[in-house]
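*Asks:* Structure file run_13.pdb, PDB, C-alpha atoms, pLDDT in the B column, is pasted below:
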MODEL        1
ATOM      1  CA  MET A   1       0.000   0.000   0.000  1.00 46.00           C
ATOM      2  CA  SER A   2       1.499   3.318  -1.008  1.00 45.00           C
ATOM      3  CA  ARG A   3       2.282   5.937   1.552  1.00 48.00           C
ATOM      4  CA  PRO A   4      -0.295   8.769   1.331  1.00 44.00           C
ATOM      5  CA  PHE A   5       0.764  12.069  -0.148  1.00 42.00           C
ATOM      6  CA  ARG A   6       1.126  15.109   2.011  1.00 41.00           C
ATOM      7  CA  PRO A   7      -0.691  18.274   0.817  1.00 36.00           C
ATOM      8  CA  SER A   8       1.279  19.542  -2.129  1.00 37.00           C
ATOM      9  CA  ALA A   9       1.000  20.625  -5.734  1.00 38.00           C
ATOM     10  CA  LEU A  10       2.343  19.046  -8.847  1.00 41.00           C
ATOM     11  CA  MET A  11       5.808  19.884 -10.096  1.00 45.00           C
ATOM     12  CA  ALA A  12       4.902  20.318 -13.725  1.00 46.00           C
ATOM     13  CA  LEU A  13       1.441  21.612 -12.816  1.00 46.00           C
ATOM     14  CA  ALA A  14       3.364  24.736 -11.936  1.00 43.00           C
ATOM     15  CA  LEU A  15       3.895  25.203 -15.628  1.00 45.00           C
ATOM     16  CA  LEU A  16       0.537  23.908 -16.799  1.00 47.00           C
ATOM     17  CA  THR A  17      -1.954  25.798 -14.687  1.00 46.00           C
ATOM     18  CA  ALA A  18       0.088  28.981 -14.724  1.00 44.00           C
ATOM     19  CA  CYS A  19       0.379  28.903 -18.477  1.00 46.00           C
ATOM     20  CA  ALA A  20      -3.300  28.199 -19.005  1.00 46.00           C
ATOM     21  CA  SER A  21      -4.041  31.925 -18.759  1.00 48.00           C
ATOM     22  CA  SER A  22      -0.914  33.033 -20.619  1.00 49.00           C
ATOM     23  CA  PRO A  23      -1.414  34.259 -24.206  1.00 43.00           C
ATOM     24  CA  ARG A  24       2.016  32.964 -25.228  1.00 57.00           C
ATOM     25  CA  ARG A  25       2.640  29.234 -24.994  1.00 55.00           C
ATOM     26  CA  PRO A  26       5.456  28.146 -27.363  1.00 57.00           C
ATOM     27  CA  TRP A  27       4.575  24.454 -26.896  1.00 57.00           C
ATOM     28  CA  GLU A  28       0.859  24.818 -27.706  1.00 64.00           C
ATOM     29  CA  ASP A  29      -0.338  22.530 -30.524  1.00 61.00           C
ATOM     30  CA  LYS A  30       3.092  20.855 -30.675  1.00 72.00           C
ATOM     31  CA  ASP A  31       4.125  17.335 -29.834  1.00 83.00           C
ATOM     32  CA  TYR A  32       6.696  16.779 -27.098  1.00 89.00           C
ATOM     33  CA  PRO A  33       8.850  13.993 -28.544  1.00 93.00           C
ATOM     34  CA  GLY A  34      10.326  11.432 -26.217  1.00 94.00           C
ATOM     35  CA  THR A  35       9.928   7.899 -24.910  1.00 95.00           C
ATOM     36  CA  LEU A  36       8.611   7.198 -21.443  1.00 95.00           C
ATOM     37  CA  GLN A  37      10.462   4.541 -19.499  1.00 95.00           C
ATOM     38  CA  PRO A  38       8.586   2.038 -17.322  1.00 95.00           C
ATOM     39  CA  ALA A  39       8.094   3.481 -13.863  1.00 95.00           C
ATOM     40  CA  GLY A  40      10.175   0.708 -12.285  1.00 94.00           C
ATOM     41  CA  VAL A  41      13.357   1.741 -14.138  1.00 95.00           C
ATOM     42  CA  LEU A  42      13.935   3.967 -11.117  1.00 95.00           C
ATOM     43  CA  THR A  43      14.722   1.130  -8.714  1.00 94.00           C
ATOM     44  CA  THR A  44      14.478   3.128  -5.470  1.00 95.00           C
ATOM     45  CA  ASP A  45      11.029   3.837  -4.040  1.00 97.00           C
ATOM     46  CA  VAL A  46      10.922   7.479  -3.030  1.00 97.00           C
ATOM     47  CA  LEU A  47       8.727  10.500  -2.339  1.00 96.00           C
ATOM     48  CA  TRP A  48       9.998  13.983  -3.188  1.00 94.00           C
ATOM     49  CA  GLN A  49       8.414  17.167  -1.863  1.00 89.00           C
ATOM     50  CA  GLN A  50       9.481  20.213  -3.798  1.00 85.00           C
ATOM     51  CA  ARG A  51       9.094  23.872  -4.562  1.00 84.00           C
ATOM     52  CA  VAL A  52       9.121  24.754  -8.241  1.00 81.00           C
ATOM     53  CA  THR A  53       9.521  28.103  -9.960  1.00 86.00           C
ATOM     54  CA  ALA A  54       8.467  28.101 -13.616  1.00 84.00           C
ATOM     55  CA  THR A  55       9.396  30.882 -16.065  1.00 88.00           C
ATOM     56  CA  TRP A  56       8.693  31.290 -19.779  1.00 82.00           C
ATOM     57  CA  GLY A  57       8.615  34.092 -22.333  1.00 81.00           C
ATOM     58  CA  GLU A  58       9.045  37.695 -21.244  1.00 77.00           C
ATOM     59  CA  ASP A  59       6.701  37.774 -18.252  1.00 79.00           C
ATOM     60  CA  GLY A  60       5.665  34.216 -17.444  1.00 78.00           C
ATOM     61  CA  HIS A  61       6.499  33.405 -13.821  1.00 82.00           C
ATOM     62  CA  ARG A  62       4.853  31.150 -11.229  1.00 74.00           C
ATOM     63  CA  GLY A  63       5.907  29.299  -8.083  1.00 72.00           C
ATOM     64  CA  PHE A  64       4.276  26.132  -6.732  1.00 71.00           C
ATOM     65  CA  ASP A  65       4.756  23.365  -4.208  1.00 73.00           C
ATOM     66  CA  ALA A  66       5.392  19.926  -5.672  1.00 74.00           C
ATOM     67  CA  ALA A  67       5.312  16.175  -5.004  1.00 83.00           C
ATOM     68  CA  VAL A  68       6.450  13.159  -6.999  1.00 92.00           C
ATOM     69  CA  GLN A  69       6.240   9.557  -5.797  1.00 95.00           C
ATOM     70  CA  LYS A  70       7.659   6.378  -7.281  1.00 97.00           C
ATOM     71  CA  GLN A  71       6.779   3.066  -5.661  1.00 96.00           C
ATOM     72  CA  GLY A  72       7.138  -0.309  -7.316  1.00 95.00           C
ATOM     73  CA  ASP A  73       6.029  -0.115 -10.938  1.00 95.00           C
ATOM     74  CA  VAL A  74       3.988   3.054 -10.363  1.00 96.00           C
ATOM     75  CA  LEU A  75       5.037   6.680 -10.822  1.00 96.00           C
ATOM     76  CA  THR A  76       2.459   9.131  -9.477  1.00 92.00           C
ATOM     77  CA  VAL A  77       2.415  12.894  -9.855  1.00 87.00           C
ATOM     78  CA  ILE A  78      -0.302  14.695  -7.895  1.00 78.00           C
ATOM     79  CA  GLY A  79      -1.351  18.309  -7.930  1.00 70.00           C
ATOM     80  CA  LEU A  80      -3.687  20.229  -5.663  1.00 58.00           C
ATOM     81  CA  SER A  81      -5.185  23.600  -6.376  1.00 54.00           C
ATOM     82  CA  PRO A  82      -3.774  26.603  -4.474  1.00 60.00           C
ATOM     83  CA  THR A  83      -6.739  26.296  -2.074  1.00 53.00           C
ATOM     84  CA  GLY A  84      -5.914  22.669  -1.289  1.00 50.00           C
ATOM     85  CA  SER A  85      -8.867  21.190  -3.168  1.00 49.00           C
ATOM     86  CA  ALA A  86      -8.570  18.194  -5.485  1.00 49.00           C
ATOM     87  CA  GLY A  87      -6.615  18.857  -8.653  1.00 67.00           C
ATOM     88  CA  TYR A  88      -4.734  16.523 -10.970  1.00 77.00           C
ATOM     89  CA  ALA A  89      -3.293  13.057 -10.566  1.00 83.00           C
ATOM     90  CA  MET A  90      -1.127  11.482 -13.245  1.00 88.00           C
ATOM     91  CA  ILE A  91      -0.288   7.817 -12.736  1.00 94.00           C
ATOM     92  CA  LEU A  92       2.181   5.835 -14.830  1.00 96.00           C
ATOM     93  CA  ARG A  93       1.665   2.135 -14.161  1.00 94.00           C
ATOM     94  CA  GLY A  94       3.899   0.018 -16.368  1.00 86.00           C
ATOM     95  CA  MET A  95       3.483   1.877 -19.664  1.00 89.00           C
ATOM     96  CA  GLU A  96      -0.129   2.915 -19.101  1.00 92.00           C
ATOM     97  CA  ILE A  97      -0.987   6.500 -18.125  1.00 94.00           C
ATOM     98  CA  GLU A  98      -4.054   7.301 -16.048  1.00 94.00           C
ATOM     99  CA  LEU A  99      -5.273  10.856 -15.561  1.00 91.00           C
ATOM    100  CA  LYS A 100      -7.573  11.929 -12.752  1.00 86.00           C
ATOM    101  CA  ASN A 101      -8.729  15.502 -13.104  1.00 82.00           C
ATOM    102  CA  ASP A 102     -11.058  16.899 -10.441  1.00 75.00           C
ATOM    103  CA  SER A 103     -10.193  20.523 -11.121  1.00 67.00           C
ATOM    104  CA  GLY A 104     -12.895  21.130 -13.707  1.00 69.00           C
ATOM    105  CA  GLU A 105     -10.270  22.532 -16.080  1.00 68.00           C
ATOM    106  CA  GLU A 106      -8.685  21.007 -19.155  1.00 67.00           C
ATOM    107  CA  LEU A 107      -4.930  20.422 -19.089  1.00 63.00           C
ATOM    108  CA  PRO A 108      -3.090  22.597 -21.644  1.00 56.00           C
ATOM    109  CA  PHE A 109      -1.206  19.515 -22.873  1.00 62.00           C
ATOM    110  CA  PRO A 110      -1.208  15.751 -22.213  1.00 77.00           C
ATOM    111  CA  PRO A 111       0.031  14.162 -18.971  1.00 86.00           C
ATOM    112  CA  ARG A 112       2.786  12.414 -20.955  1.00 88.00           C
ATOM    113  CA  PHE A 113       4.534  15.772 -21.334  1.00 86.00           C
ATOM    114  CA  ILE A 114       4.689  16.157 -17.550  1.00 86.00           C
ATOM    115  CA  LEU A 115       5.878  12.619 -16.930  1.00 93.00           C
ATOM    116  CA  LEU A 116       8.604  13.048 -19.553  1.00 95.00           C
ATOM    117  CA  ASP A 117      10.057  16.047 -17.697  1.00 94.00           C
ATOM    118  CA  VAL A 118       9.998  14.101 -14.423  1.00 95.00           C
ATOM    119  CA  GLN A 119      11.809  11.151 -16.002  1.00 97.00           C
ATOM    120  CA  ARG A 120      14.296  13.284 -17.942  1.00 97.00           C
ATOM    121  CA  THR A 121      15.259  14.933 -14.668  1.00 97.00           C
ATOM    122  CA  PHE A 122      15.219  12.182 -12.050  1.00 97.00           C
ATOM    123  CA  TYR A 123      15.416   8.822 -13.847  1.00 97.00           C
ATOM    124  CA  PRO A 124      18.604   6.994 -14.910  1.00 96.00           C
ATOM    125  CA  TRP A 125      19.329   7.136 -18.648  1.00 96.00           C
ATOM    126  CA  LEU A 126      22.802   5.735 -19.281  1.00 95.00           C
ATOM    127  CA  GLY A 127      23.175   2.852 -16.850  1.00 88.00           C
ATOM    128  CA  ALA A 128      25.282   2.629 -13.707  1.00 84.00           C
ATOM    129  CA  GLN A 129      26.663   5.937 -12.470  1.00 83.00           C
ATOM    130  CA  PRO A 130      30.368   6.753 -12.848  1.00 84.00           C
ATOM    131  CA  THR A 131      32.440   8.720 -10.356  1.00 85.00           C
ATOM    132  CA  ASP A 132      33.733  11.448 -12.669  1.00 94.00           C
ATOM    133  CA  GLY A 133      33.776  12.391 -16.319  1.00 95.00           C
ATOM    134  CA  THR A 134      31.457  12.754 -19.271  1.00 96.00           C
ATOM    135  CA  ARG A 135      29.559  10.005 -21.060  1.00 96.00           C
ATOM    136  CA  GLU A 136      27.082  10.067 -23.907  1.00 96.00           C
ATOM    137  CA  ALA A 137      24.943   7.746 -26.001  1.00 97.00           C
ATOM    138  CA  ASP A 138      21.950   7.691 -28.323  1.00 98.00           C
ATOM    139  CA  VAL A 139      18.812   6.610 -26.462  1.00 97.00           C
ATOM    140  CA  PHE A 140      15.248   6.483 -27.831  1.00 96.00           C
ATOM    141  CA  GLY A 141      16.081   8.736 -30.788  1.00 97.00           C
ATOM    142  CA  GLU A 142      17.894  11.314 -28.680  1.00 98.00           C
ATOM    143  CA  HIS A 143      21.539  12.046 -27.932  1.00 98.00           C
ATOM    144  CA  VAL A 144      21.970  12.065 -24.163  1.00 98.00           C
ATOM    145  CA  ARG A 145      25.110  13.540 -22.600  1.00 98.00           C
ATOM    146  CA  GLU A 146      25.891  13.428 -18.876  1.00 97.00           C
ATOM    147  CA  THR A 147      28.631  15.056 -16.805  1.00 97.00           C
ATOM    148  CA  TRP A 148      29.536  13.567 -13.424  1.00 96.00           C
ATOM    149  CA  ARG A 149      31.677  14.990 -10.645  1.00 94.00           C
ATOM    150  CA  SER A 150      32.633  13.254  -7.372  1.00 91.00           C
ATOM    151  CA  GLY A 151      29.930  10.655  -7.908  1.00 92.00           C
ATOM    152  CA  HIS A 152      27.188  13.224  -8.573  1.00 94.00           C
ATOM    153  CA  LEU A 153      25.381  13.978 -11.824  1.00 96.00           C
ATOM    154  CA  VAL A 154      25.915  17.694 -12.463  1.00 97.00           C
ATOM    155  CA  GLU A 155      24.501  18.096 -15.987  1.00 98.00           C
ATOM    156  CA  ARG A 156      22.341  16.155 -18.419  1.00 98.00           C
ATOM    157  CA  ARG A 157      21.527  17.209 -22.009  1.00 98.00           C
ATOM    158  CA  PHE A 158      18.979  15.886 -24.507  1.00 98.00           C
ATOM    159  CA  GLU A 159      19.153  16.589 -28.235  1.00 98.00           C
ATOM    160  CA  ARG A 160      16.922  15.042 -30.899  1.00 97.00           C
ATOM    161  CA  LEU A 161      18.792  13.014 -33.524  1.00 98.00           C
ATOM    162  CA  ASP A 162      16.299  14.179 -36.163  1.00 96.00           C
ATOM    163  CA  ALA A 163      16.528  17.809 -34.939  1.00 95.00           C
ATOM    164  CA  GLN A 164      12.743  17.892 -34.536  1.00 93.00           C
ATOM    165  CA  PRO A 165      12.550  20.116 -32.596  1.00 93.00           C
ATOM    166  CA  LYS A 166      15.910  21.837 -32.777  1.00 94.00           C
ATOM    167  CA  GLY A 167      17.768  22.872 -29.671  1.00 96.00           C
ATOM    168  CA  VAL A 168      18.773  21.222 -26.410  1.00 98.00           C
ATOM    169  CA  ILE A 169      17.132  20.399 -23.098  1.00 98.00           C
ATOM    170  CA  THR A 170      19.736  21.110 -20.417  1.00 98.00           C
ATOM    171  CA  ILE A 171      19.303  19.962 -16.819  1.00 98.00           C
ATOM    172  CA  THR A 172      21.717  21.262 -14.177  1.00 98.00           C
ATOM    173  CA  TYR A 173      22.070  19.615 -10.752  1.00 98.00           C
ATOM    174  CA  VAL A 174      23.292  21.698  -7.807  1.00 97.00           C
ATOM    175  CA  TRP A 175      24.672  19.511  -4.997  1.00 96.00           C
ATOM    176  CA  THR A 176      25.678  20.641  -1.513  1.00 93.00           C
ATOM    177  CA  ASP A 177      27.391  18.874   1.376  1.00 91.00           C
ATOM    178  CA  ALA A 178      23.961  18.445   2.971  1.00 90.00           C
ATOM    179  CA  ASP A 179      22.857  16.284   0.030  1.00 92.00           C
ATOM    180  CA  ALA A 180      25.084  13.321   0.925  1.00 89.00           C
ATOM    181  CA  GLY A 181      23.175  10.067   0.533  1.00 90.00           C
ATOM    182  CA  ARG A 182      20.274  11.630  -1.357  1.00 94.00           C
ATOM    183  CA  LEU A 183      18.952  10.611  -4.770  1.00 94.00           C
ATOM    184  CA  ALA A 184      18.100  14.181  -5.736  1.00 95.00           C
ATOM    185  CA  PRO A 185      20.048  17.359  -4.934  1.00 96.00           C
ATOM    186  CA  ARG A 186      18.488  20.321  -3.220  1.00 95.00           C
ATOM    187  CA  GLN A 187      18.132  22.136  -6.535  1.00 97.00           C
ATOM    188  CA  VAL A 188      17.712  21.175 -10.170  1.00 97.00           C
ATOM    189  CA  VAL A 189      17.269  23.585 -13.097  1.00 98.00           C
ATOM    190  CA  LEU A 190      15.621  22.339 -16.304  1.00 96.00           C
ATOM    191  CA  ASP A 191      16.030  24.610 -19.343  1.00 97.00           C
ATOM    192  CA  ASN A 192      13.791  23.376 -22.144  1.00 94.00           C
ATOM    193  CA  GLY A 193      15.336  24.838 -25.288  1.00 95.00           C
ATOM    194  CA  TRP A 194      12.715  23.113 -27.418  1.00 93.00           C
ATOM    195  CA  PHE A 195       9.736  25.013 -25.999  1.00 90.00           C
ATOM    196  CA  GLY A 196      11.326  27.943 -24.174  1.00 89.00           C
ATOM    197  CA  TYR A 197      10.594  27.386 -20.492  1.00 89.00           C
ATOM    198  CA  ARG A 198      12.642  26.905 -17.320  1.00 93.00           C
ATOM    199  CA  LEU A 199      11.828  24.949 -14.164  1.00 92.00           C
ATOM    200  CA  VAL A 200      13.821  25.562 -10.976  1.00 95.00           C
ATOM    201  CA  ILE A 201      13.082  22.601  -8.706  1.00 93.00           C
ATOM    202  CA  ASP A 202      14.005  22.807  -5.024  1.00 93.00           C
ATOM    203  CA  THR A 203      13.640  19.422  -3.297  1.00 94.00           C
ATOM    204  CA  HIS A 204      13.230  20.177   0.401  1.00 91.00           C
ATOM    205  CA  VAL A 205      12.168  16.672   1.530  1.00 93.00           C
ATOM    206  CA  GLU A 206      13.260  13.278   0.214  1.00 96.00           C
ATOM    207  CA  SER A 207      11.633  10.244   1.856  1.00 96.00           C
ATOM    208  CA  ARG A 208      12.663   6.699   1.003  1.00 96.00           C
ATOM    209  CA  LEU A 209       9.615   4.420   0.840  1.00 96.00           C
ATOM    210  CA  PRO A 210       9.502   0.729   1.743  1.00 92.00           C
ATOM    211  CA  PRO A 211       9.256  -1.713  -1.171  1.00 86.00           C
ATOM    212  CA  VAL A 212       5.692  -2.435  -2.253  1.00 78.00           C
ATOM    213  CA  GLN A 213       5.660  -5.941  -0.748  1.00 65.00           C
ATOM    214  CA  GLN A 214       7.002  -4.691   2.567  1.00 54.00           C
ATOM    215  CA  ALA A 215       4.519  -1.818   2.601  1.00 50.00           C
ATOM    216  CA  GLY A 216       1.673  -4.283   2.026  1.00 47.00           C
ATOM    217  CA  GLN A 217       2.861  -6.471   4.889  1.00 47.00           C
ATOM    218  CA  GLN A 218       2.994  -3.483   7.213  1.00 51.00           C
ATOM    219  CA  ALA A 219      -0.553  -2.499   6.257  1.00 44.00           C
ATOM    220  CA  ALA A 220      -1.807  -6.038   6.900  1.00 38.00           C
ATOM    221  CA  GLN A 221      -0.127  -6.083  10.313  1.00 46.00           C
ATOM    222  CA  GLN A 222      -1.711  -2.770  11.258  1.00 48.00           C
ATOM    223  CA  SER A 223      -5.151  -4.040  10.164  1.00 44.00           C
ATOM    224  CA  ALA A 224      -4.740  -7.156  12.307  1.00 43.00           C
ATOM    225  CA  GLN A 225      -3.929  -5.170  15.445  1.00 45.00           C
TER     226      GLN A 225
ENDMDL
END
Now that the file is in, can you turn its structure into structure tokens?
*Replies:*
Amino acid sequence: MSRPFRPSALMALALLTACASSPRRPWEDKDYPGTLQPAGVLTTDVLWQQRVTATWGEDGHRGFDAAVQKQGDVLTVIGLSPTGSAGYAMILRGMEIELKNDSGEELPFPPRFILLDVQRTFYPWLGAQPTDGTREADVFGEHVRETWRSGHLVERRFERLDAQPKGVITITYVWTDADAGRLAPRQVVLDNGWFGYRLVIDTHVESRLPPVQQAGQQAAQQSAQ
């Protein structure tokens, strides 16, 4: 049984709901190319609570709280409205995406776009991590380049092999001494050169979750007491 979410808003919902009223959305009516990985490719079960600042264009700017949970073969991204009422839930189970939308508003673009940004940022792409250096490879029609320093990923870049769209997605990871032992650093900056937006993601809480089987056993024990 999955650990319940604490009140929070969706990471990428920061971009979506804020941009819904913006007259300039460079990504509108465009496809976001990319291949989703199965949720279980991230082998550690974890809950991240975050603060995200989204900027785009000349005057687009919004800040939101955020939460992302991966447990077993399920990746869940949940968003609440600023008042705390029900909002969006995007669930990737295996390769199937489920959307729950209790906000009464239509999402500006599909949930797959949101899940892609989460996976581009926090999922492994090129196998086991090195200690230092740069490595690169072609994955799912994209050239992925990573730079590692002292065992930490400090930059990841995505570029389409077919140049559709042109440009680069650059993700920068800012690690501090306080981040020792964490999966995610305190701050990540995603610059989407394909669609012209930036996400600054501050992860203020990282909670490791028990494996699904263990979580189910704990729930059964609590029910029996």
*Asks:* For Tyr88 of chain A, find every residue with an atom within 6 Å (counting all atoms listed in the file), except residues of its own chain fewer than 6 positions away, and show them as a list in words.
*Replies:*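 Result of the neighbour search: Ile78, Gly79, Lys100 and Asn101 of chain A.
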*Asks:* Find the distance between atom CA of Glu98 of chain A and atom CA of Pro110 of chain A and write it in Å to one decimal.
*Replies:*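 Atom-to-atom, atom CA of Glu98 of chain A and atom CA of Pro110 of chain A are spaced 10.8 Å apart.
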*Asks:* By how many Å are atom CA of Val174 of chain A and atom CA of Trp125 of chain A apart?
*Replies:* 18.6 Å
*Asks:* Considering only C-alpha atoms, state which residue in the set A:His204, A:Arg198, A:Asp117, A:Val41 is at the smallest distance from Ala178 of chain A.
*Replies:*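 The answer is A:His204, which sits nearest to Ala178 of chain A.
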*Asks:* When you draw a straight line from atom CA of Asp59 of chain A to atom CA of Trp175 of chain A, how long is it in Å?
*Replies:*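 The value is 28.8 Å.
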*Asks:* Give as a PDB file with C-alpha atoms, in the frame of the given file each residue that has an atom at most 6 Å from (27.9, 10.0, -21.1) in the file, counting all atoms listed in the file.
*Replies:*
ATOM      1  CA  THR A 134      31.457  12.754 -19.271  1.00 96.00           C
ATOM      2  CA  ARG A 135      29.559  10.005 -21.060  1.00 96.00           C
ATOM      3  CA  GLU A 136      27.082  10.067 -23.907  1.00 96.00           C
ATOM      4  CA  ARG A 145      25.110  13.540 -22.600  1.00 98.00           C
ATOM      5  CA  GLU A 146      25.891  13.428 -18.876  1.00 97.00           C
TER       6      GLU A 146
END
*Asks:* Which residues, named as in the file, does the PyMOL selection byres ((chain A and resi 97) around 10) pick out? Answer as a VMD selection string.
*Replies:* chain A and resid 74 to 76 90 to 96 98 to 99 111 to 112 115
*Asks:* Can you work out which one of A:Arg182, A:Thr55, A:Tyr32, A:Gln119 has the shortest atom-to-atom distance to Gly196 of chain A, counting only C-alpha atoms?
*Replies:*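 With only C-alpha atoms as the atom set, the closest residue is A:Thr55.
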*Asks:* Using only C-alpha atoms, find the one residue out of A:Thr44, A:Thr170, A:Thr147, A:Thr35 that sits nearest to Val200 of chain A.
*Replies:*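 Closest to Val200 of chain A, using only C-alpha atoms: A:Thr170.
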*Asks:* Emit as lines of an AutoDock Vina configuration file the padded axis-aligned box for all listed atoms of segment 47-64 of chain A, 6 Å per side, with centre and edge lengths in Å to one decimal.
*Replies:*
center_x = 7.1
center_y = 24.1
center_z = -12.1
size_x = 17.7
size_y = 39.3
size_z = 32.5
*Asks:* Between A:Val188, A:Val118, A:Ala89, A:Val205, which is the closest to Tyr173 of chain A once you count only C-alpha atoms?
*Replies:* A:Val188
*Asks:* Which residues would end up in the selection if the PyMOL selection byres ((chain A and resi 140) around 10) were applied here, given that I need the answer as a list in words?
*Replies:*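 This file, filtered by the PyMOL selection byres ((chain A and resi 140) around 10), leaves Pro33, Gly34, Thr35, Leu36, Gln37, Ala137, Asp138, Val139, Gly141, Glu142, His143, Val144, Arg160 and Leu161 of chain A.
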*Asks:* Store the residues picked out above in a file with C-alpha atoms, as a tab-separated table (two decimals), in the frame of the given file.
*Replies:*
chain	number	residue	atom	x	y	z
A	33	PRO	CA	8.85	13.99	-28.54
A	34	GLY	CA	10.33	11.43	-26.22
A	35	THR	CA	9.93	7.90	-24.91
A	36	LEU	CA	8.61	7.20	-21.44
A	37	GLN	CA	10.46	4.54	-19.50
A	137	ALA	CA	24.94	7.75	-26.00
A	138	ASP	CA	21.95	7.69	-28.32
A	139	VAL	CA	18.81	6.61	-26.46
A	141	GLY	CA	16.08	8.74	-30.79
A	142	GLU	CA	17.89	11.31	-28.68
A	143	HIS	CA	21.54	12.05	-27.93
A	144	VAL	CA	21.97	12.06	-24.16
A	160	ARG	CA	16.92	15.04	-30.90
A	161	LEU	CA	18.79	13.01	-33.52
*Asks:* Between A:Arg120, A:Arg51, A:Lys30, A:His152, which residue has the minimum interatomic distance to Leu183 of chain A, considering all atoms listed in the file?
*Replies:*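 Using all atoms listed in the file, Leu183 of chain A sits closest to A:His152.
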*Asks:* With only C-alpha atoms as the atoms that count, which of A:Pro38, A:Gly133, A:Gly181, A:Gly193 lies nearest to Gln71 of chain A?
*Replies:*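 Looking only at the distances to Gln71 of chain A, the closest residue turns out to be A:Pro38.
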